[in-house]
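One file, protein-v1.txt, carrying compact mmCIF, N, CA, C and O atoms and all ligand atoms:
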```txt
# COMPACT_ATOMS: atom_id res chain seq x y z
N MET A 1 118.93 -21.05 -51.44
CA MET A 1 118.81 -20.88 -52.89
C MET A 1 118.16 -19.54 -53.19
O MET A 1 117.25 -19.13 -52.49
N PRO A 2 118.62 -18.88 -54.23
CA PRO A 2 118.03 -17.58 -54.57
C PRO A 2 116.61 -17.73 -55.12
O PRO A 2 116.26 -18.77 -55.68
N ILE A 3 115.84 -16.70 -54.96
CA ILE A 3 114.48 -16.67 -55.48
C ILE A 3 114.48 -15.78 -56.72
O ILE A 3 115.01 -14.67 -56.68
N TYR A 4 113.93 -16.29 -57.78
CA TYR A 4 113.84 -15.52 -59.01
C TYR A 4 112.40 -15.15 -59.28
O TYR A 4 111.49 -15.87 -58.88
N GLU A 5 112.21 -14.06 -59.97
CA GLU A 5 110.87 -13.62 -60.33
C GLU A 5 110.63 -13.89 -61.81
O GLU A 5 111.48 -13.61 -62.65
N TYR A 6 109.47 -14.45 -62.10
CA TYR A 6 109.10 -14.73 -63.48
C TYR A 6 107.75 -14.11 -63.77
O TYR A 6 106.97 -13.81 -62.87
N GLN A 7 107.50 -13.94 -65.07
CA GLN A 7 106.24 -13.37 -65.50
C GLN A 7 105.89 -13.96 -66.86
O GLN A 7 106.79 -14.21 -67.68
N ALA A 8 104.59 -14.19 -67.12
CA ALA A 8 104.16 -14.74 -68.40
C ALA A 8 104.58 -13.82 -69.53
O ALA A 8 104.48 -12.60 -69.43
N GLU A 9 105.08 -14.42 -70.62
CA GLU A 9 105.48 -13.60 -71.77
C GLU A 9 104.25 -13.07 -72.49
O GLU A 9 104.29 -12.00 -73.08
N ASP A 10 103.17 -13.83 -72.48
CA ASP A 10 101.93 -13.39 -73.10
C ASP A 10 100.82 -13.41 -72.06
O ASP A 10 100.23 -14.45 -71.80
N PRO A 11 100.57 -12.28 -71.43
CA PRO A 11 99.58 -12.24 -70.34
C PRO A 11 98.20 -12.71 -70.78
O PRO A 11 97.42 -13.19 -69.96
N ALA A 12 97.89 -12.61 -72.08
CA ALA A 12 96.57 -13.01 -72.57
C ALA A 12 96.36 -14.53 -72.45
O ALA A 12 95.24 -14.99 -72.33
N LYS A 13 97.45 -15.27 -72.49
CA LYS A 13 97.34 -16.73 -72.44
C LYS A 13 97.72 -17.29 -71.07
O LYS A 13 97.80 -18.50 -70.90
N SER A 14 98.01 -16.41 -70.15
CA SER A 14 98.53 -16.88 -68.87
C SER A 14 97.42 -17.34 -67.93
O SER A 14 96.24 -17.06 -68.15
N CYS A 15 97.81 -18.02 -66.90
CA CYS A 15 96.88 -18.46 -65.86
C CYS A 15 97.01 -17.50 -64.67
O CYS A 15 97.92 -16.67 -64.63
N PRO A 16 96.13 -17.60 -63.69
CA PRO A 16 96.22 -16.68 -62.53
C PRO A 16 97.57 -16.73 -61.84
O PRO A 16 98.01 -15.76 -61.23
N HIS A 17 98.26 -17.88 -61.95
CA HIS A 17 99.55 -18.01 -61.27
C HIS A 17 100.62 -17.14 -61.92
O HIS A 17 101.43 -16.53 -61.22
N CYS A 18 100.63 -17.06 -63.24
CA CYS A 18 101.73 -16.39 -63.91
C CYS A 18 101.33 -15.07 -64.57
O CYS A 18 102.16 -14.43 -65.20
N VAL A 19 100.08 -14.67 -64.43
CA VAL A 19 99.66 -13.41 -65.07
C VAL A 19 100.41 -12.22 -64.48
O VAL A 19 100.75 -11.26 -65.17
N GLY A 20 100.65 -12.28 -63.19
CA GLY A 20 101.50 -11.27 -62.56
C GLY A 20 102.85 -11.88 -62.33
O GLY A 20 103.15 -12.96 -62.84
N ARG A 21 103.66 -11.22 -61.55
CA ARG A 21 104.96 -11.80 -61.24
C ARG A 21 104.78 -12.90 -60.20
O ARG A 21 103.97 -12.79 -59.29
N PHE A 22 105.55 -13.95 -60.37
CA PHE A 22 105.55 -14.98 -59.33
C PHE A 22 106.99 -15.36 -59.04
O PHE A 22 107.87 -15.21 -59.89
N GLU A 23 107.20 -15.84 -57.83
CA GLU A 23 108.56 -16.16 -57.41
C GLU A 23 108.81 -17.65 -57.57
O GLU A 23 107.93 -18.47 -57.34
N TYR A 24 109.99 -17.98 -58.00
CA TYR A 24 110.35 -19.37 -58.17
C TYR A 24 111.78 -19.55 -57.67
O TYR A 24 112.68 -18.77 -58.01
N ARG A 25 111.95 -20.55 -56.85
CA ARG A 25 113.24 -20.75 -56.20
C ARG A 25 114.00 -21.87 -56.92
O ARG A 25 113.49 -22.96 -57.08
N HIS A 26 115.16 -21.55 -57.40
CA HIS A 26 116.03 -22.61 -57.95
C HIS A 26 117.47 -22.18 -57.82
O HIS A 26 117.76 -21.02 -57.56
N GLY A 27 118.35 -23.12 -57.98
CA GLY A 27 119.77 -22.84 -57.80
C GLY A 27 120.30 -21.87 -58.84
O GLY A 27 119.77 -21.76 -59.95
N MET A 28 121.37 -21.18 -58.47
CA MET A 28 121.95 -20.18 -59.34
C MET A 28 122.44 -20.79 -60.66
O MET A 28 122.45 -20.15 -61.69
N HIS A 29 122.84 -22.05 -60.61
CA HIS A 29 123.41 -22.67 -61.81
C HIS A 29 122.40 -23.58 -62.52
O HIS A 29 122.73 -24.21 -63.51
N ASP A 30 121.18 -23.65 -61.98
CA ASP A 30 120.14 -24.42 -62.66
C ASP A 30 119.63 -23.62 -63.84
O ASP A 30 119.67 -22.40 -63.83
N PRO A 31 119.13 -24.32 -64.87
CA PRO A 31 118.59 -23.56 -66.00
C PRO A 31 117.36 -22.76 -65.57
O PRO A 31 116.59 -23.23 -64.72
N PRO A 32 117.18 -21.58 -66.11
CA PRO A 32 116.02 -20.78 -65.71
C PRO A 32 114.72 -21.41 -66.17
O PRO A 32 114.68 -22.20 -67.11
N LEU A 33 113.68 -21.07 -65.46
CA LEU A 33 112.34 -21.57 -65.78
C LEU A 33 111.91 -20.98 -67.14
O LEU A 33 112.08 -19.81 -67.40
N THR A 34 111.38 -21.84 -68.00
CA THR A 34 110.94 -21.33 -69.31
C THR A 34 109.43 -21.43 -69.47
O THR A 34 108.86 -20.80 -70.36
N ALA A 35 108.79 -22.25 -68.62
CA ALA A 35 107.34 -22.39 -68.73
C ALA A 35 106.73 -22.35 -67.35
O ALA A 35 107.33 -22.77 -66.36
N CYS A 36 105.52 -21.83 -67.27
CA CYS A 36 104.82 -21.74 -66.00
C CYS A 36 104.56 -23.15 -65.46
O CYS A 36 104.10 -24.02 -66.19
N PRO A 37 104.89 -23.39 -64.19
CA PRO A 37 104.67 -24.72 -63.62
C PRO A 37 103.18 -25.08 -63.52
O PRO A 37 102.84 -26.25 -63.37
N GLU A 38 102.31 -24.10 -63.61
CA GLU A 38 100.87 -24.35 -63.50
C GLU A 38 100.22 -24.61 -64.86
O GLU A 38 99.44 -25.53 -65.00
N CYS A 39 100.52 -23.77 -65.85
CA CYS A 39 99.81 -23.87 -67.13
C CYS A 39 100.72 -24.17 -68.32
O CYS A 39 100.23 -24.47 -69.40
N GLY A 40 102.03 -24.09 -68.13
CA GLY A 40 102.95 -24.45 -69.21
C GLY A 40 103.17 -23.36 -70.25
O GLY A 40 103.89 -23.57 -71.23
N GLN A 41 102.59 -22.20 -70.04
CA GLN A 41 102.81 -21.10 -70.99
C GLN A 41 104.23 -20.55 -70.78
O GLN A 41 104.76 -20.60 -69.69
N PRO A 42 104.82 -20.02 -71.86
CA PRO A 42 106.18 -19.48 -71.73
C PRO A 42 106.24 -18.33 -70.73
O PRO A 42 105.36 -17.48 -70.71
N VAL A 43 107.28 -18.38 -69.91
CA VAL A 43 107.50 -17.29 -68.96
C VAL A 43 108.92 -16.77 -69.14
O VAL A 43 109.80 -17.48 -69.63
N GLY A 44 109.12 -15.55 -68.76
CA GLY A 44 110.45 -14.94 -68.82
C GLY A 44 110.84 -14.46 -67.44
O GLY A 44 109.99 -14.15 -66.61
N ARG A 45 112.13 -14.43 -67.22
CA ARG A 45 112.60 -13.97 -65.92
C ARG A 45 112.52 -12.46 -65.84
O ARG A 45 112.84 -11.76 -66.80
N VAL A 46 112.08 -12.00 -64.69
CA VAL A 46 112.04 -10.56 -64.45
C VAL A 46 113.35 -10.20 -63.76
O VAL A 46 113.70 -10.78 -62.74
N ILE A 47 114.07 -9.30 -64.37
CA ILE A 47 115.35 -8.90 -63.77
C ILE A 47 115.04 -7.99 -62.58
O ILE A 47 114.42 -6.94 -62.72
N SER A 48 115.48 -8.44 -61.45
CA SER A 48 115.22 -7.69 -60.23
C SER A 48 116.03 -6.41 -60.21
O SER A 48 117.15 -6.35 -60.72
N THR A 49 115.44 -5.39 -59.63
CA THR A 49 116.13 -4.11 -59.59
C THR A 49 117.01 -3.96 -58.35
O THR A 49 117.72 -2.99 -58.21
N CYS A 50 116.92 -4.93 -57.43
CA CYS A 50 117.73 -4.81 -56.24
C CYS A 50 119.19 -5.10 -56.57
O CYS A 50 119.50 -5.82 -57.51
N ARG A 51 120.07 -4.50 -55.82
CA ARG A 51 121.48 -4.69 -56.11
C ARG A 51 122.25 -4.76 -54.80
O ARG A 51 121.77 -4.33 -53.77
N VAL A 52 123.44 -5.27 -54.91
CA VAL A 52 124.28 -5.35 -53.73
C VAL A 52 125.10 -4.08 -53.65
O VAL A 52 125.73 -3.67 -54.61
N ASP A 53 125.04 -3.46 -52.50
CA ASP A 53 125.79 -2.23 -52.30
C ASP A 53 127.22 -2.57 -51.96
O ASP A 53 127.51 -3.13 -50.91
N THR A 54 128.13 -2.24 -52.87
CA THR A 54 129.54 -2.60 -52.65
C THR A 54 130.41 -1.38 -52.39
O THR A 54 131.62 -1.45 -52.48
N ARG A 55 129.74 -0.26 -52.11
CA ARG A 55 130.54 0.92 -51.80
C ARG A 55 131.40 0.66 -50.57
O ARG A 55 130.96 0.00 -49.64
N PRO A 56 132.61 1.20 -50.54
CA PRO A 56 133.51 0.92 -49.43
C PRO A 56 132.91 1.30 -48.07
O PRO A 56 133.18 0.64 -47.07
N SER A 57 132.08 2.33 -48.04
CA SER A 57 131.56 2.79 -46.76
C SER A 57 130.69 1.73 -46.08
O SER A 57 130.61 1.66 -44.87
N SER A 58 130.03 0.87 -46.89
CA SER A 58 129.15 -0.13 -46.30
C SER A 58 129.94 -1.23 -45.60
O SER A 58 129.39 -1.98 -44.81
N LYS A 59 131.22 -1.32 -45.91
CA LYS A 59 132.05 -2.36 -45.28
C LYS A 59 132.13 -2.18 -43.77
O LYS A 59 132.28 -3.13 -43.02
N ASN A 60 132.09 -0.92 -43.35
CA ASN A 60 132.28 -0.63 -41.94
C ASN A 60 130.97 -0.51 -41.17
O ASN A 60 130.96 -0.08 -40.03
N GLN A 61 129.88 -0.91 -41.81
CA GLN A 61 128.58 -0.75 -41.17
C GLN A 61 128.46 -1.52 -39.86
O GLN A 61 127.74 -1.12 -38.97
N LEU A 62 129.15 -2.64 -39.76
CA LEU A 62 129.05 -3.45 -38.55
C LEU A 62 130.28 -3.28 -37.65
O LEU A 62 130.51 -4.07 -36.76
N SER A 63 131.06 -2.23 -37.91
CA SER A 63 132.20 -1.99 -37.04
C SER A 63 131.71 -1.50 -35.68
O SER A 63 130.62 -0.93 -35.57
N ASP A 64 132.50 -1.71 -34.65
CA ASP A 64 132.13 -1.30 -33.30
C ASP A 64 131.80 0.19 -33.25
O ASP A 64 130.84 0.62 -32.64
N LYS A 65 132.63 0.98 -33.95
CA LYS A 65 132.46 2.43 -33.93
C LYS A 65 131.11 2.82 -34.52
O LYS A 65 130.39 3.65 -33.97
N ASN A 66 130.80 2.19 -35.64
CA ASN A 66 129.55 2.54 -36.32
C ASN A 66 128.34 2.07 -35.52
O ASN A 66 127.33 2.76 -35.47
N LEU A 67 128.44 0.90 -34.90
CA LEU A 67 127.33 0.39 -34.09
C LEU A 67 127.05 1.34 -32.95
O LEU A 67 125.90 1.65 -32.64
N LYS A 68 128.12 1.83 -32.33
CA LYS A 68 127.97 2.74 -31.21
C LYS A 68 127.32 4.04 -31.66
O LYS A 68 126.42 4.57 -31.02
N ARG A 69 127.77 4.53 -32.80
CA ARG A 69 127.25 5.78 -33.35
C ARG A 69 125.74 5.65 -33.61
O ARG A 69 124.98 6.58 -33.42
N LEU A 70 125.33 4.47 -34.05
CA LEU A 70 123.92 4.26 -34.38
C LEU A 70 123.09 3.83 -33.17
O LEU A 70 121.90 3.57 -33.29
N GLY A 71 123.74 3.72 -32.03
CA GLY A 71 123.02 3.39 -30.81
C GLY A 71 122.77 1.92 -30.60
O GLY A 71 121.91 1.53 -29.82
N PHE A 72 123.51 1.06 -31.30
CA PHE A 72 123.36 -0.38 -31.09
C PHE A 72 124.36 -0.87 -30.05
O PHE A 72 125.40 -0.26 -29.83
N SER A 73 124.03 -1.98 -29.43
CA SER A 73 124.97 -2.64 -28.56
C SER A 73 125.45 -3.91 -29.25
O SER A 73 124.71 -4.53 -30.00
N LYS A 74 126.68 -4.28 -28.98
CA LYS A 74 127.20 -5.51 -29.56
C LYS A 74 127.52 -6.47 -28.43
O LYS A 74 128.22 -6.12 -27.48
N LEU A 75 126.95 -7.66 -28.51
CA LEU A 75 127.17 -8.65 -27.47
C LEU A 75 128.02 -9.78 -28.04
O LEU A 75 127.75 -10.27 -29.13
N VAL A 76 129.05 -10.15 -27.32
CA VAL A 76 129.91 -11.24 -27.76
C VAL A 76 129.57 -12.48 -26.94
O VAL A 76 129.52 -12.43 -25.70
N ASN A 77 129.31 -13.56 -27.63
CA ASN A 77 128.97 -14.81 -26.96
C ASN A 77 130.23 -15.42 -26.35
O ASN A 77 131.17 -15.76 -27.06
N GLU A 78 130.24 -15.55 -25.05
CA GLU A 78 131.42 -16.12 -24.38
C GLU A 78 131.21 -17.59 -24.02
O GLU A 78 132.00 -18.17 -23.32
N GLY A 79 130.12 -18.15 -24.43
CA GLY A 79 129.82 -19.53 -24.12
C GLY A 79 129.03 -19.65 -22.82
O GLY A 79 128.93 -18.68 -22.06
N ASP A 80 128.48 -20.82 -22.56
CA ASP A 80 127.66 -21.08 -21.37
C ASP A 80 126.51 -20.09 -21.24
O ASP A 80 126.08 -19.78 -20.13
N GLY A 81 126.04 -19.58 -22.34
CA GLY A 81 124.92 -18.65 -22.32
C GLY A 81 125.26 -17.27 -21.81
O GLY A 81 124.39 -16.47 -21.50
N LYS A 82 126.56 -16.98 -21.69
CA LYS A 82 126.98 -15.66 -21.22
C LYS A 82 127.34 -14.77 -22.38
O LYS A 82 127.99 -15.20 -23.34
N PHE A 83 126.93 -13.53 -22.28
CA PHE A 83 127.24 -12.55 -23.32
C PHE A 83 127.95 -11.37 -22.69
O PHE A 83 127.58 -10.93 -21.59
N ARG A 84 128.96 -10.88 -23.37
CA ARG A 84 129.69 -9.72 -22.86
C ARG A 84 129.38 -8.55 -23.78
O ARG A 84 129.46 -8.66 -25.00
N LYS A 85 129.02 -7.43 -23.19
CA LYS A 85 128.72 -6.23 -23.96
C LYS A 85 130.02 -5.53 -24.30
O LYS A 85 130.81 -5.21 -23.42
N THR A 86 130.29 -5.35 -25.59
CA THR A 86 131.56 -4.76 -25.99
C THR A 86 131.41 -3.34 -26.49
O THR A 86 132.39 -2.62 -26.59
N VAL A 87 130.21 -2.94 -26.86
CA VAL A 87 130.00 -1.58 -27.35
C VAL A 87 128.95 -0.92 -26.49
O VAL A 87 127.91 -1.51 -26.25
ZN ZN A 101 100.60 -20.06 -65.73
```
Could you express the structure from this file as C-alpha cells?
Ligand SMILES: [Zn+2]
Amino acid sequence: MPIYEYQAEDPAKSCPHCVGRFEYRHGMHDPPLTACPECGQPVGRVISTCRVDTRPSSKNQLSDKNLKRLGFSKLVNEGDGKFRKTV
C-alpha cells in the first residue's frame, strides 16, 4: 500500500504527531485521511514531489548492455541454488 504524507491544516491546534509531516499508509482507492488519528484536528495531504521517471531512456536501465556498462553483473537463477552469470 502506498504511504501518504499528511500535515495539520492549523499547526496552532495540532498535536506533536501532526504538527510536522507524518506518514499514513492506506490504499490508493481509500478515502484520504481528513483528521489526525491522534488528536482529531483537520489534516491535509501533502502532495509529494517525487515522480515516476517515464522517459524512454530509463526503460533500458536494466538491459544487459547497460548493466555491463555500469559494471554490474547479472545472475540468472537456474534452480537448485545455481546461478549463471550472463553479463
Ligand atoms: Zn494531531
Step by step, measure atom-to-atom distances between ligand ZN 101 (chain A) and each residue using only C-alpha atoms and all ligand atoms, keep those at most 7 Å, then write them as a ChimeraX atom specification. /A:8,14-19,36-41
For N, CA, C and O atoms, I'd like the residues from the last selection saved as a PDB file, in the frame of the given file.
```pdb
ATOM      1  N   ALA A   8     104.590 -14.190 -67.120  1.00  0.00           N
ATOM      2  CA  ALA A   8     104.160 -14.740 -68.400  1.00  0.00           C
ATOM      3  C   ALA A   8     104.580 -13.820 -69.530  1.00  0.00           C
ATOM      4  O   ALA A   8     104.480 -12.600 -69.430  1.00  0.00           O
ATOM      5  N   SER A  14      98.010 -16.410 -70.150  1.00  0.00           N
ATOM      6  CA  SER A  14      98.530 -16.880 -68.870  1.00  0.00           C
ATOM      7  C   SER A  14      97.420 -17.340 -67.930  1.00  0.00           C
ATOM      8  O   SER A  14      96.240 -17.060 -68.150  1.00  0.00           O
ATOM      9  N   CYS A  15      97.810 -18.020 -66.900  1.00  0.00           N
ATOM     10  CA  CYS A  15      96.880 -18.460 -65.860  1.00  0.00           C
ATOM     11  C   CYS A  15      97.010 -17.500 -64.670  1.00  0.00           C
ATOM     12  O   CYS A  15      97.920 -16.670 -64.630  1.00  0.00           O
ATOM     13  N   PRO A  16      96.130 -17.600 -63.690  1.00  0.00           N
ATOM     14  CA  PRO A  16      96.220 -16.680 -62.530  1.00  0.00           C
ATOM     15  C   PRO A  16      97.570 -16.730 -61.840  1.00  0.00           C
ATOM     16  O   PRO A  16      98.010 -15.760 -61.230  1.00  0.00           O
ATOM     17  N   HIS A  17      98.260 -17.880 -61.950  1.00  0.00           N
ATOM     18  CA  HIS A  17      99.550 -18.010 -61.270  1.00  0.00           C
ATOM     19  C   HIS A  17     100.620 -17.140 -61.920  1.00  0.00           C
ATOM     20  O   HIS A  17     101.430 -16.530 -61.220  1.00  0.00           O
ATOM     21  N   CYS A  18     100.630 -17.060 -63.240  1.00  0.00           N
ATOM     22  CA  CYS A  18     101.730 -16.390 -63.910  1.00  0.00           C
ATOM     23  C   CYS A  18     101.330 -15.070 -64.570  1.00  0.00           C
ATOM     24  O   CYS A  18     102.160 -14.430 -65.200  1.00  0.00           O
ATOM     25  N   VAL A  19     100.080 -14.670 -64.430  1.00  0.00           N
ATOM     26  CA  VAL A  19      99.660 -13.410 -65.070  1.00  0.00           C
ATOM     27  C   VAL A  19     100.410 -12.220 -64.480  1.00  0.00           C
ATOM     28  O   VAL A  19     100.750 -11.260 -65.170  1.00  0.00           O
ATOM     29  N   CYS A  36     105.520 -21.830 -67.270  1.00  0.00           N
ATOM     30  CA  CYS A  36     104.820 -21.740 -66.000  1.00  0.00           C
ATOM     31  C   CYS A  36     104.560 -23.150 -65.460  1.00  0.00           C
ATOM     32  O   CYS A  36     104.100 -24.020 -66.190  1.00  0.00           O
ATOM     33  N   PRO A  37     104.890 -23.390 -64.190  1.00  0.00           N
ATOM     34  CA  PRO A  37     104.670 -24.720 -63.620  1.00  0.00           C
ATOM     35  C   PRO A  37     103.180 -25.080 -63.520  1.00  0.00           C
ATOM     36  O   PRO A  37     102.840 -26.250 -63.370  1.00  0.00           O
ATOM     37  N   GLU A  38     102.310 -24.100 -63.610  1.00  0.00           N
ATOM     38  CA  GLU A  38     100.870 -24.350 -63.500  1.00  0.00           C
ATOM     39  C   GLU A  38     100.220 -24.610 -64.860  1.00  0.00           C
ATOM     40  O   GLU A  38      99.440 -25.530 -65.000  1.00  0.00           O
ATOM     41  N   CYS A  39     100.520 -23.770 -65.850  1.00  0.00           N
ATOM     42  CA  CYS A  39      99.810 -23.870 -67.130  1.00  0.00           C
ATOM     43  C   CYS A  39     100.720 -24.170 -68.320  1.00  0.00           C
ATOM     44  O   CYS A  39     100.230 -24.470 -69.400  1.00  0.00           O
ATOM     45  N   GLY A  40     102.030 -24.090 -68.130  1.00  0.00           N
ATOM     46  CA  GLY A  40     102.950 -24.450 -69.210  1.00  0.00           C
ATOM     47  C   GLY A  40     103.170 -23.360 -70.250  1.00  0.00           C
ATOM     48  O   GLY A  40     103.890 -23.570 -71.230  1.00  0.00           O
ATOM     49  N   GLN A  41     102.590 -22.200 -70.040  1.00  0.00           N
ATOM     50  CA  GLN A  41     102.810 -21.100 -70.990  1.00  0.00           C
ATOM     51  C   GLN A  41     104.230 -20.550 -70.780  1.00  0.00           C
ATOM     52  O   GLN A  41     104.760 -20.600 -69.690  1.00  0.00           O
TER      53      GLN A  41
END
```
Tell me, which residues of chain A carry DSSP helix (DSSP H, G or I), written as a PyMOL selection string? chain A and resi 11-13+56-59+64-69
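CA of His29 in chain A lies 26.0 Å from CA of Asp10 in chain A.
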Enter the distance from CA of Arg25 in chain A to CA of Lys13 in chain A, in Å, rounded to one decimal. 23.1 Å
Can you tell me how far CA of Leu62 in chain A sits from CA of Ile3 in chain A, in Å to one decimal?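 The value is 26.0 Å.
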